[in-house]
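Enquirer: So here's protein-v8.cif (mmCIF, C-alpha atoms).
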```cif
data_work
#
loop_
_atom_site.label_atom_id
_atom_site.label_comp_id
_atom_site.auth_asym_id
_atom_site.auth_seq_id
_atom_site.Cartn_x
_atom_site.Cartn_y
_atom_site.Cartn_z
CA MET W 1 -8.60 53.45 -17.38
CA GLN W 2 -12.41 53.68 -17.32
CA ARG W 3 -12.70 50.08 -18.55
CA GLN W 4 -10.26 48.91 -15.84
CA PHE W 5 -12.28 50.75 -13.16
CA ARG W 6 -15.52 49.09 -14.33
CA ALA W 7 -13.82 45.68 -14.30
CA GLU W 8 -12.49 46.20 -10.76
CA ARG W 9 -15.91 47.35 -9.54
CA LYS W 10 -17.56 44.31 -11.12
CA VAL W 11 -15.13 41.96 -9.36
CA ARG W 12 -15.68 43.79 -6.06
CA ASP W 13 -19.45 43.53 -6.40
CA MET W 14 -19.20 39.77 -6.96
CA VAL W 15 -17.52 39.03 -3.62
CA SER W 16 -19.18 39.12 -0.22
CA LYS W 17 -19.27 42.50 1.46
CA ILE W 18 -18.77 42.61 5.23
CA LEU W 19 -19.57 45.70 7.28
CA ILE W 20 -17.50 45.75 10.47
CA TRP W 21 -19.50 47.64 13.11
CA ALA W 22 -17.91 49.02 16.29
CA THR W 23 -18.56 51.74 18.86
CA VAL W 24 -15.37 51.06 20.84
CA ALA W 25 -11.85 51.71 19.56
CA TRP W 26 -10.41 48.23 20.06
CA THR W 27 -7.51 47.10 17.89
CA SER W 28 -9.02 43.59 17.72
CA THR W 29 -11.72 45.07 15.49
CA ALA W 30 -9.07 45.77 12.85
CA ARG W 31 -7.91 42.15 13.14
CA HIS W 32 -11.45 40.95 12.37
CA ALA W 33 -11.48 43.19 9.30
CA ALA W 34 -8.19 41.65 8.15
CA GLY W 35 -9.56 38.14 8.66
CA PHE W 36 -12.54 38.71 6.38
CA ALA W 37 -10.43 40.50 3.75
CA LEU W 38 -7.91 37.64 3.69
CA ALA W 39 -10.82 35.21 3.34
CA GLY W 40 -11.71 37.00 0.09
CA CYS W 41 -14.37 39.46 1.28
CA HIS W 42 -14.73 43.16 0.52
CA VAL W 43 -14.60 44.90 3.92
CA GLU W 44 -16.05 48.24 4.97
CA ALA W 45 -16.46 49.63 8.47
CA VAL W 46 -18.55 51.98 10.58
CA ALA W 47 -16.69 53.11 13.70
CA PRO W 48 -15.71 56.18 15.74
CA ALA W 49 -13.30 58.62 14.13
CA GLY W 50 -9.71 57.51 14.68
CA ALA W 51 -10.58 53.95 15.72
CA PRO W 52 -7.88 51.46 14.65
CA VAL W 53 -10.20 49.71 12.20
CA THR W 54 -10.49 52.96 10.23
CA LEU W 55 -6.71 52.87 9.67
CA SER W 56 -6.44 49.26 8.54
CA ARG W 57 -5.21 48.59 5.02
CA TYR W 58 -7.89 45.90 4.76
CA VAL W 59 -10.82 48.29 5.08
CA SER W 60 -11.91 49.85 1.79
CA VAL W 61 -14.49 52.36 3.01
CA CYS W 62 -15.16 53.84 6.46
CA TYR W 63 -18.43 55.39 7.62
CA GLY W 64 -18.58 57.72 10.60
CA TYR W 65 -20.27 56.70 13.84
CA ARG W 66 -21.87 59.45 15.92
CA ALA W 67 -22.44 58.59 19.57
CA LEU W 68 -25.10 61.32 19.85
CA ALA W 69 -27.02 59.89 16.86
CA PRO W 70 -26.14 56.17 16.89
CA LEU W 71 -29.17 54.79 15.05
CA ALA W 72 -29.07 57.38 12.29
CA SER W 73 -25.34 56.89 11.67
CA LEU W 74 -25.75 53.09 11.69
CA ARG W 75 -28.74 53.18 9.35
CA ASP W 76 -26.98 55.50 6.93
CA ALA W 77 -23.91 53.27 6.87
CA ILE W 78 -25.99 50.16 6.18
CA GLN W 79 -27.93 51.86 3.39
CA ARG W 80 -24.78 53.15 1.74
CA ALA W 81 -22.75 49.96 2.13
CA GLN W 82 -25.54 47.45 1.37
CA PRO W 83 -23.50 44.68 3.03
CA ASP W 84 -24.13 40.99 2.87
CA LEU W 85 -23.41 40.79 6.58
CA ILE W 86 -22.81 43.09 9.56
CA VAL W 87 -20.25 41.92 12.13
CA SER W 88 -20.70 43.60 15.53
CA CYS W 89 -17.50 43.94 17.58
CA ASP W 90 -18.75 45.18 20.96
CA ASP W 91 -21.88 44.86 23.11
CA ARG W 92 -23.02 48.44 22.54
CA ALA W 93 -22.84 47.81 18.81
CA VAL W 94 -25.17 44.81 19.20
CA GLU W 95 -27.55 46.84 21.38
CA ASN W 96 -27.76 49.58 18.75
CA LEU W 97 -28.32 47.03 15.99
CA LEU W 98 -31.24 45.61 17.99
CA ARG W 99 -32.63 49.09 18.70
CA LEU W 100 -32.53 49.90 15.00
CA TYR W 101 -34.22 46.64 13.97
CA GLY W 102 -37.95 47.20 13.42
CA SER W 103 -37.79 50.82 14.64
CA ARG W 104 -39.07 53.95 12.93
CA HIS W 105 -35.47 54.71 11.97
CA SER W 106 -35.24 51.52 9.91
CA ASN W 107 -36.85 50.08 6.79
CA ALA W 108 -37.48 46.64 5.31
CA GLY W 109 -34.11 46.47 3.56
CA VAL W 110 -32.12 47.43 6.66
CA ASP W 111 -34.15 45.05 8.83
CA ALA W 112 -33.45 42.18 6.44
CA ILE W 113 -29.68 42.76 6.65
CA ILE W 114 -29.82 42.96 10.46
CA LYS W 115 -31.83 39.74 10.72
CA ARG W 116 -29.44 37.93 8.39
CA SER W 117 -26.50 39.15 10.48
CA LEU W 118 -27.89 38.21 13.91
CA GLY W 119 -29.92 35.14 13.07
CA ALA W 120 -32.93 35.65 15.38
CA PRO W 121 -33.06 39.22 16.77
CA GLU W 122 -36.02 38.32 18.98
CA GLN W 123 -33.78 35.93 20.96
CA TYR W 124 -31.23 38.54 21.95
CA ALA W 125 -33.09 40.01 24.94
CA GLU W 126 -32.66 36.68 26.73
CA LEU W 127 -29.18 36.14 25.30
CA MET W 128 -27.91 39.51 26.58
CA SER W 129 -29.45 39.09 30.03
CA ARG W 130 -26.84 37.54 32.31
CA LYS W 131 -29.50 35.90 34.46
CA GLY W 132 -31.66 34.82 31.51
CA SER W 133 -28.78 33.43 29.46
CA MET W 134 -27.42 31.40 32.38
CA ARG W 135 -30.90 30.04 33.09
CA GLU W 136 -31.28 28.94 29.47
CA ALA W 137 -27.80 27.40 29.45
CA ALA W 138 -28.55 25.43 32.61
CA GLY W 139 -31.73 24.17 30.96
CA LEU W 140 -29.61 22.79 28.13
CA GLY W 141 -27.53 20.78 30.59
CA ILE W 142 -24.53 23.12 30.48
CA ARG W 143 -22.65 23.48 33.77
CA VAL W 144 -23.15 27.06 35.05
CA PRO W 145 -22.76 28.82 38.41
CA ASP W 146 -25.85 29.91 40.33
CA THR W 147 -26.81 33.33 38.95
CA LEU W 148 -29.31 35.49 40.82
CA ALA W 149 -30.73 38.93 40.08
CA VAL W 150 -30.07 41.47 42.84
CA PRO W 151 -32.28 44.50 42.14
CA THR W 152 -32.05 45.82 45.73
CA GLN W 153 -29.71 45.81 48.73
CA GLN W 154 -32.12 43.43 50.48
CA ALA W 155 -32.00 41.05 47.51
CA LEU W 156 -28.21 41.17 47.65
CA GLU W 157 -28.20 40.11 51.30
CA ALA W 158 -30.56 37.22 50.57
CA ALA W 159 -28.45 36.13 47.58
CA LEU W 160 -25.29 36.16 49.72
CA ASP W 161 -27.03 33.93 52.26
CA ARG W 162 -27.74 31.45 49.46
CA ILE W 163 -24.56 31.70 47.34
CA GLY W 164 -21.97 32.48 49.97
CA LEU W 165 -18.55 34.07 49.50
CA PRO W 166 -16.48 34.70 47.50
CA ALA W 167 -18.90 35.76 44.77
CA VAL W 168 -18.97 37.75 41.54
CA LEU W 169 -21.22 40.75 40.86
CA LYS W 170 -21.90 41.71 37.24
CA THR W 171 -24.00 44.22 35.34
CA ASP W 172 -25.86 43.58 32.11
CA GLY W 173 -24.40 45.33 29.09
CA SER W 174 -20.82 45.54 30.37
CA TRP W 175 -17.71 44.16 28.67
CA GLY W 176 -13.94 43.88 28.80
CA GLY W 177 -13.89 43.32 32.57
CA GLU W 178 -15.85 46.53 33.23
CA GLY W 179 -18.97 46.16 35.37
CA VAL W 180 -17.58 43.08 37.16
CA ALA W 181 -16.45 42.78 40.78
CA VAL W 182 -15.08 39.75 42.63
CA VAL W 183 -15.95 40.16 46.31
CA LYS W 184 -14.70 38.23 49.35
CA THR W 185 -16.66 39.88 52.17
CA ARG W 186 -20.16 41.25 52.65
CA GLU W 187 -18.72 44.74 53.00
CA GLU W 188 -17.03 44.41 49.60
CA ALA W 189 -20.26 43.04 48.12
CA ARG W 190 -22.33 45.96 49.43
CA ALA W 191 -19.83 48.53 48.15
CA ALA W 192 -19.61 46.83 44.76
CA PHE W 193 -23.40 46.67 44.48
CA GLN W 194 -23.74 50.42 45.13
CA ARG W 195 -21.07 51.16 42.54
CA LEU W 196 -22.46 48.83 39.88
CA ALA W 197 -26.19 49.40 40.33
CA ASN W 198 -26.07 53.19 40.23
CA ALA W 199 -25.24 55.05 37.03
CA PRO W 200 -22.35 57.53 37.33
CA SER W 201 -23.42 61.02 38.35
CA ARG W 202 -23.81 63.63 35.61
CA VAL W 203 -20.80 65.49 36.98
CA ARG W 204 -18.66 62.35 36.85
CA SER W 205 -19.82 61.52 33.32
CA LEU W 206 -19.03 65.02 32.11
CA ALA W 207 -15.61 64.83 33.76
CA ARG W 208 -14.93 61.56 31.93
CA TRP W 209 -16.03 63.15 28.66
CA ALA W 210 -13.68 66.10 29.22
CA ARG W 211 -10.80 63.73 29.97
CA ARG W 212 -11.46 61.12 27.28
CA ARG W 213 -13.32 63.12 24.63
CA ASP W 214 -15.69 60.17 24.24
CA ALA W 215 -19.20 61.40 23.42
CA HIS W 216 -20.79 58.32 25.01
CA TRP W 217 -20.16 60.00 28.35
CA ILE W 218 -22.24 62.98 27.22
CA VAL W 219 -25.07 60.54 26.52
CA ALA W 220 -24.60 59.07 29.99
CA ALA W 221 -24.73 62.55 31.52
CA ILE W 222 -27.89 63.53 29.62
CA ALA W 223 -29.78 60.30 30.32
CA PRO W 224 -28.21 58.19 33.09
CA GLN W 225 -29.39 54.59 32.84
CA PRO W 226 -29.93 52.27 35.82
CA ARG W 227 -28.10 48.97 35.50
CA SER W 228 -29.29 45.44 36.24
CA VAL W 229 -26.97 43.56 38.59
CA VAL W 230 -26.60 39.80 39.11
CA ILE W 231 -24.52 37.78 41.53
CA GLN W 232 -22.82 34.49 40.66
CA ASN W 233 -21.06 31.75 42.55
CA PHE W 234 -17.31 32.25 42.32
CA VAL W 235 -15.80 29.31 40.43
CA SER W 236 -12.14 28.75 41.17
CA GLY W 237 -9.96 27.66 38.27
CA GLN W 238 -8.46 28.67 34.94
CA PRO W 239 -10.30 30.87 32.42
CA ALA W 240 -11.20 29.26 29.09
CA ALA W 241 -13.24 30.38 26.13
CA SER W 242 -14.64 29.67 22.72
CA GLY W 243 -14.83 32.01 19.76
CA PHE W 244 -17.26 30.74 17.15
CA ALA W 245 -18.98 31.58 13.88
CA CYS W 246 -22.50 30.33 13.26
CA TRP W 247 -25.20 30.51 10.63
CA ASN W 248 -28.88 30.12 11.55
CA GLY W 249 -28.04 28.21 14.71
CA LYS W 250 -25.30 25.98 13.27
CA VAL W 251 -21.61 26.37 14.20
CA VAL W 252 -19.51 26.83 11.02
CA GLY W 253 -16.16 27.57 12.64
CA ALA W 254 -14.82 27.58 16.19
CA VAL W 255 -11.67 28.02 18.26
CA TYR W 256 -11.50 26.73 21.85
CA TYR W 257 -8.74 27.80 24.21
CA ASP W 258 -7.48 28.04 27.78
CA VAL W 259 -6.24 31.41 29.03
CA LEU W 260 -2.67 31.15 30.33
CA ARG W 261 -2.27 34.82 31.20
CA ALA W 262 -4.70 37.75 31.31
CA ASP W 263 -4.74 41.42 32.26
CA GLY W 264 -5.65 41.00 35.92
CA SER W 265 -8.12 38.42 37.17
CA ILE W 266 -10.99 39.49 34.91
CA GLY W 267 -9.28 41.33 32.06
CA PRO W 268 -8.74 40.27 28.42
CA PRO W 269 -6.30 37.43 27.67
CA SER W 270 -2.72 38.03 26.65
CA VAL W 271 -1.57 34.39 26.26
CA ILE W 272 -3.79 31.47 25.26
CA GLN W 273 -3.48 27.76 24.48
CA ARG W 274 -5.73 26.31 21.80
CA VAL W 275 -7.39 23.12 23.02
CA ASP W 276 -9.70 20.42 21.77
CA CYS W 277 -12.37 20.33 24.47
CA PRO W 278 -15.56 18.29 23.93
CA GLU W 279 -17.33 20.09 26.79
CA ILE W 280 -16.66 23.53 25.32
CA ALA W 281 -17.56 22.29 21.84
CA GLU W 282 -20.89 20.88 23.02
CA ALA W 283 -21.78 24.02 25.00
CA THR W 284 -20.96 26.13 21.94
CA ARG W 285 -23.16 23.96 19.72
CA LEU W 286 -26.07 24.04 22.17
CA ILE W 287 -25.96 27.83 22.67
CA ALA W 288 -25.80 28.51 18.92
CA LYS W 289 -28.77 26.22 18.31
CA ARG W 290 -30.87 27.43 21.26
CA PHE W 291 -30.62 31.12 20.29
CA GLN W 292 -30.52 30.45 16.51
CA LEU W 293 -27.41 32.59 16.21
CA SER W 294 -25.69 33.92 13.12
CA GLY W 295 -22.42 35.85 13.06
CA LEU W 296 -19.43 35.84 15.42
CA HIS W 297 -19.83 35.17 19.14
CA GLY W 298 -17.92 33.94 22.18
CA LEU W 299 -18.39 32.01 25.40
CA ASP W 300 -16.38 32.46 28.61
CA PHE W 301 -15.73 29.53 30.93
CA ILE W 302 -13.81 28.59 34.06
CA ARG W 303 -12.04 25.23 33.99
CA ASP W 304 -12.06 23.82 37.53
CA GLU W 305 -9.38 21.64 39.15
CA THR W 306 -11.06 18.48 37.84
CA GLY W 307 -10.86 19.75 34.24
CA HIS W 308 -14.60 20.41 33.85
CA VAL W 309 -15.70 23.76 32.43
CA HIS W 310 -18.36 26.10 33.83
CA LEU W 311 -19.98 28.61 31.46
CA ILE W 312 -19.94 32.03 33.14
CA GLU W 313 -20.77 34.44 30.30
CA ILE W 314 -22.07 34.66 26.74
CA ASN W 315 -20.61 37.34 24.46
CA PRO W 316 -23.16 38.22 21.76
CA ARG W 317 -20.48 39.64 19.44
CA ALA W 318 -17.05 39.03 17.95
CA THR W 319 -14.30 38.37 20.49
CA GLN W 320 -10.51 38.61 20.37
CA GLY W 321 -10.03 34.85 20.17
CA GLY W 322 -12.11 34.82 17.01
CA THR W 323 -9.44 36.75 15.10
CA LEU W 324 -7.14 33.70 14.96
CA SER W 325 -6.98 31.11 12.20
CA PHE W 326 -5.97 27.54 12.99
CA GLY W 327 -6.99 26.08 9.64
CA PRO W 328 -10.23 24.60 8.21
CA GLY W 329 -13.06 24.60 10.73
CA ARG W 330 -11.00 26.82 13.02
CA ASP W 331 -11.07 30.00 10.94
CA LEU W 332 -14.15 32.01 11.93
CA ALA W 333 -13.96 34.59 9.14
CA ALA W 334 -13.64 31.94 6.44
CA GLY W 335 -16.38 29.81 7.99
CA LEU W 336 -18.86 32.66 8.13
CA ALA W 337 -17.92 33.99 4.69
CA SER W 338 -18.51 30.54 3.19
CA CYS W 339 -22.18 30.78 4.20
CA ILE W 340 -22.72 33.74 1.89
CA ASP W 341 -20.10 33.11 -0.81
CA GLY W 342 -18.63 29.84 -2.01
CA GLY W 343 -15.41 31.42 -3.29
CA VAL W 344 -13.68 31.74 0.08
CA LYS W 345 -9.90 31.84 0.34
CA ALA W 346 -8.09 29.77 2.95
CA ARG W 347 -6.02 31.81 5.37
CA PRO W 348 -2.63 30.40 6.43
CA ALA W 349 -3.06 28.41 9.63
CA ILE W 350 -1.22 29.28 12.84
CA GLU W 351 1.01 26.26 13.44
CA ASN W 352 1.61 26.82 17.17
CA ASP W 353 -1.35 26.16 19.47
CA ARG W 354 0.03 28.64 22.00
CA VAL W 355 -0.58 32.28 21.02
CA VAL W 356 0.54 35.58 22.52
CA PHE W 357 -1.73 38.54 21.76
CA PHE W 358 0.16 41.64 20.69
CA PRO W 359 1.18 43.88 22.43
CA ARG W 360 0.09 43.18 26.02
CA GLU W 361 2.57 40.42 26.95
CA TRP W 362 5.41 42.19 25.09
CA LEU W 363 4.74 45.39 27.04
CA ARG W 364 4.47 43.46 30.32
CA ASP W 365 7.76 41.65 29.86
CA PRO W 366 9.82 42.06 26.67
CA ALA W 367 11.89 39.06 27.79
CA SER W 368 8.87 36.80 28.35
CA ALA W 369 9.58 33.24 27.25
CA TRP W 370 6.14 33.08 25.66
CA LEU W 371 7.27 35.60 23.04
CA THR W 372 9.65 33.01 21.61
CA ASP W 373 7.95 29.74 22.56
CA ALA W 374 4.49 30.79 21.33
CA HIS W 375 3.14 32.37 18.16
CA HIS W 376 3.33 36.15 18.71
CA ASP W 377 0.28 37.47 16.91
CA VAL W 378 1.74 40.72 15.53
CA PRO W 379 -0.13 42.18 12.50
CA TRP W 380 3.02 42.62 10.40
CA ASP W 381 0.88 42.73 7.27
CA ASP W 382 -0.93 45.84 8.58
CA PRO W 383 1.92 48.14 9.77
CA THR W 384 -0.29 51.03 10.85
CA ILE W 385 -2.15 48.71 13.23
CA VAL W 386 1.19 47.62 14.70
CA ALA W 387 2.05 51.26 15.38
CA VAL W 388 -1.39 52.11 16.76
CA SER W 389 -1.36 49.06 19.04
CA LEU W 390 1.74 50.37 20.75
CA GLN W 391 0.37 53.81 21.53
CA ASP W 392 -0.28 54.05 25.25
CA ILE W 393 -2.99 56.67 24.64
CA PRO W 394 -6.64 55.79 23.94
CA VAL W 395 -7.27 56.31 20.26
CA SER W 396 -10.70 57.93 20.45
CA TYR W 397 -9.79 61.21 22.08
CA GLY W 398 -7.19 63.85 22.81
CA LYS W 399 -3.63 63.14 21.66
CA GLY W 400 -4.74 59.81 20.27
CA LYS W 401 -6.40 61.54 17.34
CA ALA W 402 -3.22 63.40 16.46
CA LEU W 403 -1.25 60.17 16.62
CA HIS W 404 -3.74 58.53 14.33
CA GLU W 405 -3.45 61.35 11.83
CA ARG W 406 0.32 60.82 11.85
CA ALA W 407 -0.22 57.08 11.40
CA ARG W 408 -2.54 57.71 8.48
CA ARG W 409 0.22 59.69 6.80
CA ASN W 410 2.70 56.86 7.56
CA VAL W 411 4.71 59.09 9.89
CA VAL W 412 4.35 56.96 13.02
CA PRO W 413 7.27 54.53 12.86
CA VAL W 414 6.80 50.81 13.40
CA PRO W 415 9.16 49.81 16.24
CA ALA W 416 11.98 47.50 15.26
CA MET W 417 11.01 44.22 16.95
CA ALA W 418 12.43 40.74 16.50
CA ARG W 419 9.91 38.52 14.72
CA SER W 420 11.08 35.34 16.40
#
```
Can you give me the file's structure in the form of structure tokens?

Expert:
Amino acid sequence: MQRQFRAERKVRDMVSKILIWATVAWTSTARHAAGFALAGCHVEAVAPAGAPVTLSRYVSVCYGYRALAPLASLRDAIQRAQPDLIVSCDDRAVENLLRLYGSRHSNAGVDAIIKRSLGAPEQYAELMSRKGSMREAAGLGIRVPDTLAVPTQQALEAALDRIGLPAVLKTDGSWGGEGVAVVKTREEARAAFQRLANAPSRVRSLARWARRRDAHWIVAAIAPQPRSVVIQNFVSGQPAASGFACWNGKVVGAVYYDVLRADGSIGPPSVIQRVDCPEIAEATRLIAKRFQLSGLHGLDFIRDETGHVHLIEINPRATQGGTLSFGPGRDLAAGLASCIDGGVKARPAIENDRVVFFPREWLRDPASAWLTDAHHDVPWDDPTIVAVSLQDIPVSYGKGKALHERARRNVVPVPAMARS
């Protein structure tokens, strides 16, 4: 038995180790973990207690994330895991990785892992600035909407005179459709600016903490942070995106797709169509090279009525589209893993270019034609994630924790669903 344990540990130490890093309890994070495990990597994770990734069968070790001590919990996880690569799955995770890099909380070993994972940490201030990133993209010849900083109400009025209506207001550091407002009148623009530019009151943040049991709201109550706001031209058309893996500025895997259905006008996609789009491919290549990126990232576009795409946002972290595998060159986990380990396994390719993300479209309309005509991306190989995905209660607080404990003990049943 002891000899077998030593042999298993030796094999595990020979493969690439990926540390999945998340501060938000998204189920897509568990899908990224599965992708790297199926590509032949050893996967560990640092995430909030009860997050779906902590329940995945593909994650070998989980490290706790503490919202009140984010840098210390991240540093400890990195030192204990000693990963080959850290994959950040939300914007706050990237921000904390950058805060840790070169700080008094870090050390040379931790800094080296962070640099390897991000590519060029010094480039991320510009990358994560909505105004700065759009300016750099425009300089590369990528089609982008006018994007102006609006630090004051007066600046907003001047920007509206220049850009016109409708328009889109956005804050830096927001994600998943939060911190974004599409406005059609000046009155809507003024109201949206006041809401987006001002941090929630301490009372409101504490109320959200009491309701959600998410300690990030305690942080927001203790130290409210002002938010930078930009305004963009509204581009009419169909959303599109790229999810891509890159290594030192070179794209090593990418998936390009049009969004056929999403949660609202600015929410995450529920049905997509994989496409071969030279414009998206070239924009992806240029952005990866300009910012010397490593890791998983995403770009959001709008495809106008002429078929041309306009880059509207850069996601400096793994995105939901990046969980899919469409074969060689279109499997982000395998592409990135190949940069640190030659013994990468090929994941089975999705044969249908149209994909339904589980469970949003199924919950919207169980009789939706897309559920039979498209590939329904249900994680049948990770039953606990299937069960957790169907819980209509956020997983990071309240009853969600109890449900997760039941799931961990394999008590939560997986609904009987047709796999057609």

Enquirer: Which of these, W:Asn96, W:Gln153, W:Thr29, W:Ser106, has the shortest distance to Arg195 of chain W once you count all atoms listed in the file?

Expert: W:Gln153

Enquirer: With the PyMOL selection byres ((chain W and resi 349-352) around 10) as the selection, what would be picked from this file? Answer as a PDB file with C-alpha atoms, keeping the file's coordinate frame, please.

Expert:
```
ATOM      1  CA  GLN W 273      -3.480  27.760  24.480  1.00  0.00           C
ATOM      2  CA  ARG W 274      -5.730  26.310  21.800  1.00  0.00           C
ATOM      3  CA  LEU W 324      -7.140  33.700  14.960  1.00  0.00           C
ATOM      4  CA  SER W 325      -6.980  31.110  12.200  1.00  0.00           C
ATOM      5  CA  PHE W 326      -5.970  27.540  12.990  1.00  0.00           C
ATOM      6  CA  GLY W 327      -6.990  26.080   9.640  1.00  0.00           C
ATOM      7  CA  PRO W 328     -10.230  24.600   8.210  1.00  0.00           C
ATOM      8  CA  ARG W 330     -11.000  26.820  13.020  1.00  0.00           C
ATOM      9  CA  ASP W 331     -11.070  30.000  10.940  1.00  0.00           C
ATOM     10  CA  ALA W 346      -8.090  29.770   2.950  1.00  0.00           C
ATOM     11  CA  ARG W 347      -6.020  31.810   5.370  1.00  0.00           C
ATOM     12  CA  PRO W 348      -2.630  30.400   6.430  1.00  0.00           C
ATOM     13  CA  ASP W 353      -1.350  26.160  19.470  1.00  0.00           C
ATOM     14  CA  ARG W 354       0.030  28.640  22.000  1.00  0.00           C
ATOM     15  CA  VAL W 355      -0.580  32.280  21.020  1.00  0.00           C
ATOM     16  CA  ASP W 373       7.950  29.740  22.560  1.00  0.00           C
ATOM     17  CA  ALA W 374       4.490  30.790  21.330  1.00  0.00           C
ATOM     18  CA  HIS W 375       3.140  32.370  18.160  1.00  0.00           C
ATOM     19  CA  HIS W 376       3.330  36.150  18.710  1.00  0.00           C
ATOM     20  CA  ASP W 377       0.280  37.470  16.910  1.00  0.00           C
TER      21      ASP W 377
END
```

Enquirer: Using only C-alpha atoms, which of W:Pro83, W:Arg303, W:Ser129, W:Ala93 sits nearest Val110 of chain W?

Expert: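 Closest to Val110 of chain W, using only C-alpha atoms: W:Pro83.
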
Enquirer: Applied to the shown file, which residues does the PyMOL selection byres ((chain W and resi 144-152) around 6) return, written as number ranges by chain?

Expert: W: 131, 143, 153-156, 229-233, 310-311

Enquirer: Please measure the separation of atom CA of Ser228 of chain W and atom CA of Ala192 of chain W, giving the value in Å to one decimal.

Expert: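 Computing it gives 13.0 Å between the two atoms.
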
Enquirer: Return the single residue from W:Glu187, W:Asp161, W:Asp341, W:Asp91 that is closest to Trp21 of chain W, with distances computed using all atoms listed in the file.

Expert: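 Counting all atoms listed in the file, the residue closest to Trp21 of chain W is W:Asp91.
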
Enquirer: Could you tell me, as a PyMOL selection string, exactly which residues end up selected when the PyMOL selection byres ((chain W and resi 47-64) around 6) is applied to this structure?

Expert: chain W and resi 22-23+25+27+29-30+34+43-46+65+77+396+401

Enquirer: Which polymer residues, whether protein, DNA or RNA, lie within 8 Å of the coordinate (-34.0, 45.4, 14.3) when you count only C-alpha atoms? List them as JSON, numbers by chain, using the chain letters and numbers from the file.

Expert: {"W": [97, 98, 99, 100, 101, 102, 103, 106, 111, 114, 115, 121]}

Enquirer: One decimal, Å: what's the distance from atom CA of Phe357 of chain W over to atom CA of Gly173 of chain W, could you say?

Expert: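 For atom CA of Phe357 of chain W relative to atom CA of Gly173 of chain W, the distance reads 24.8 Å.
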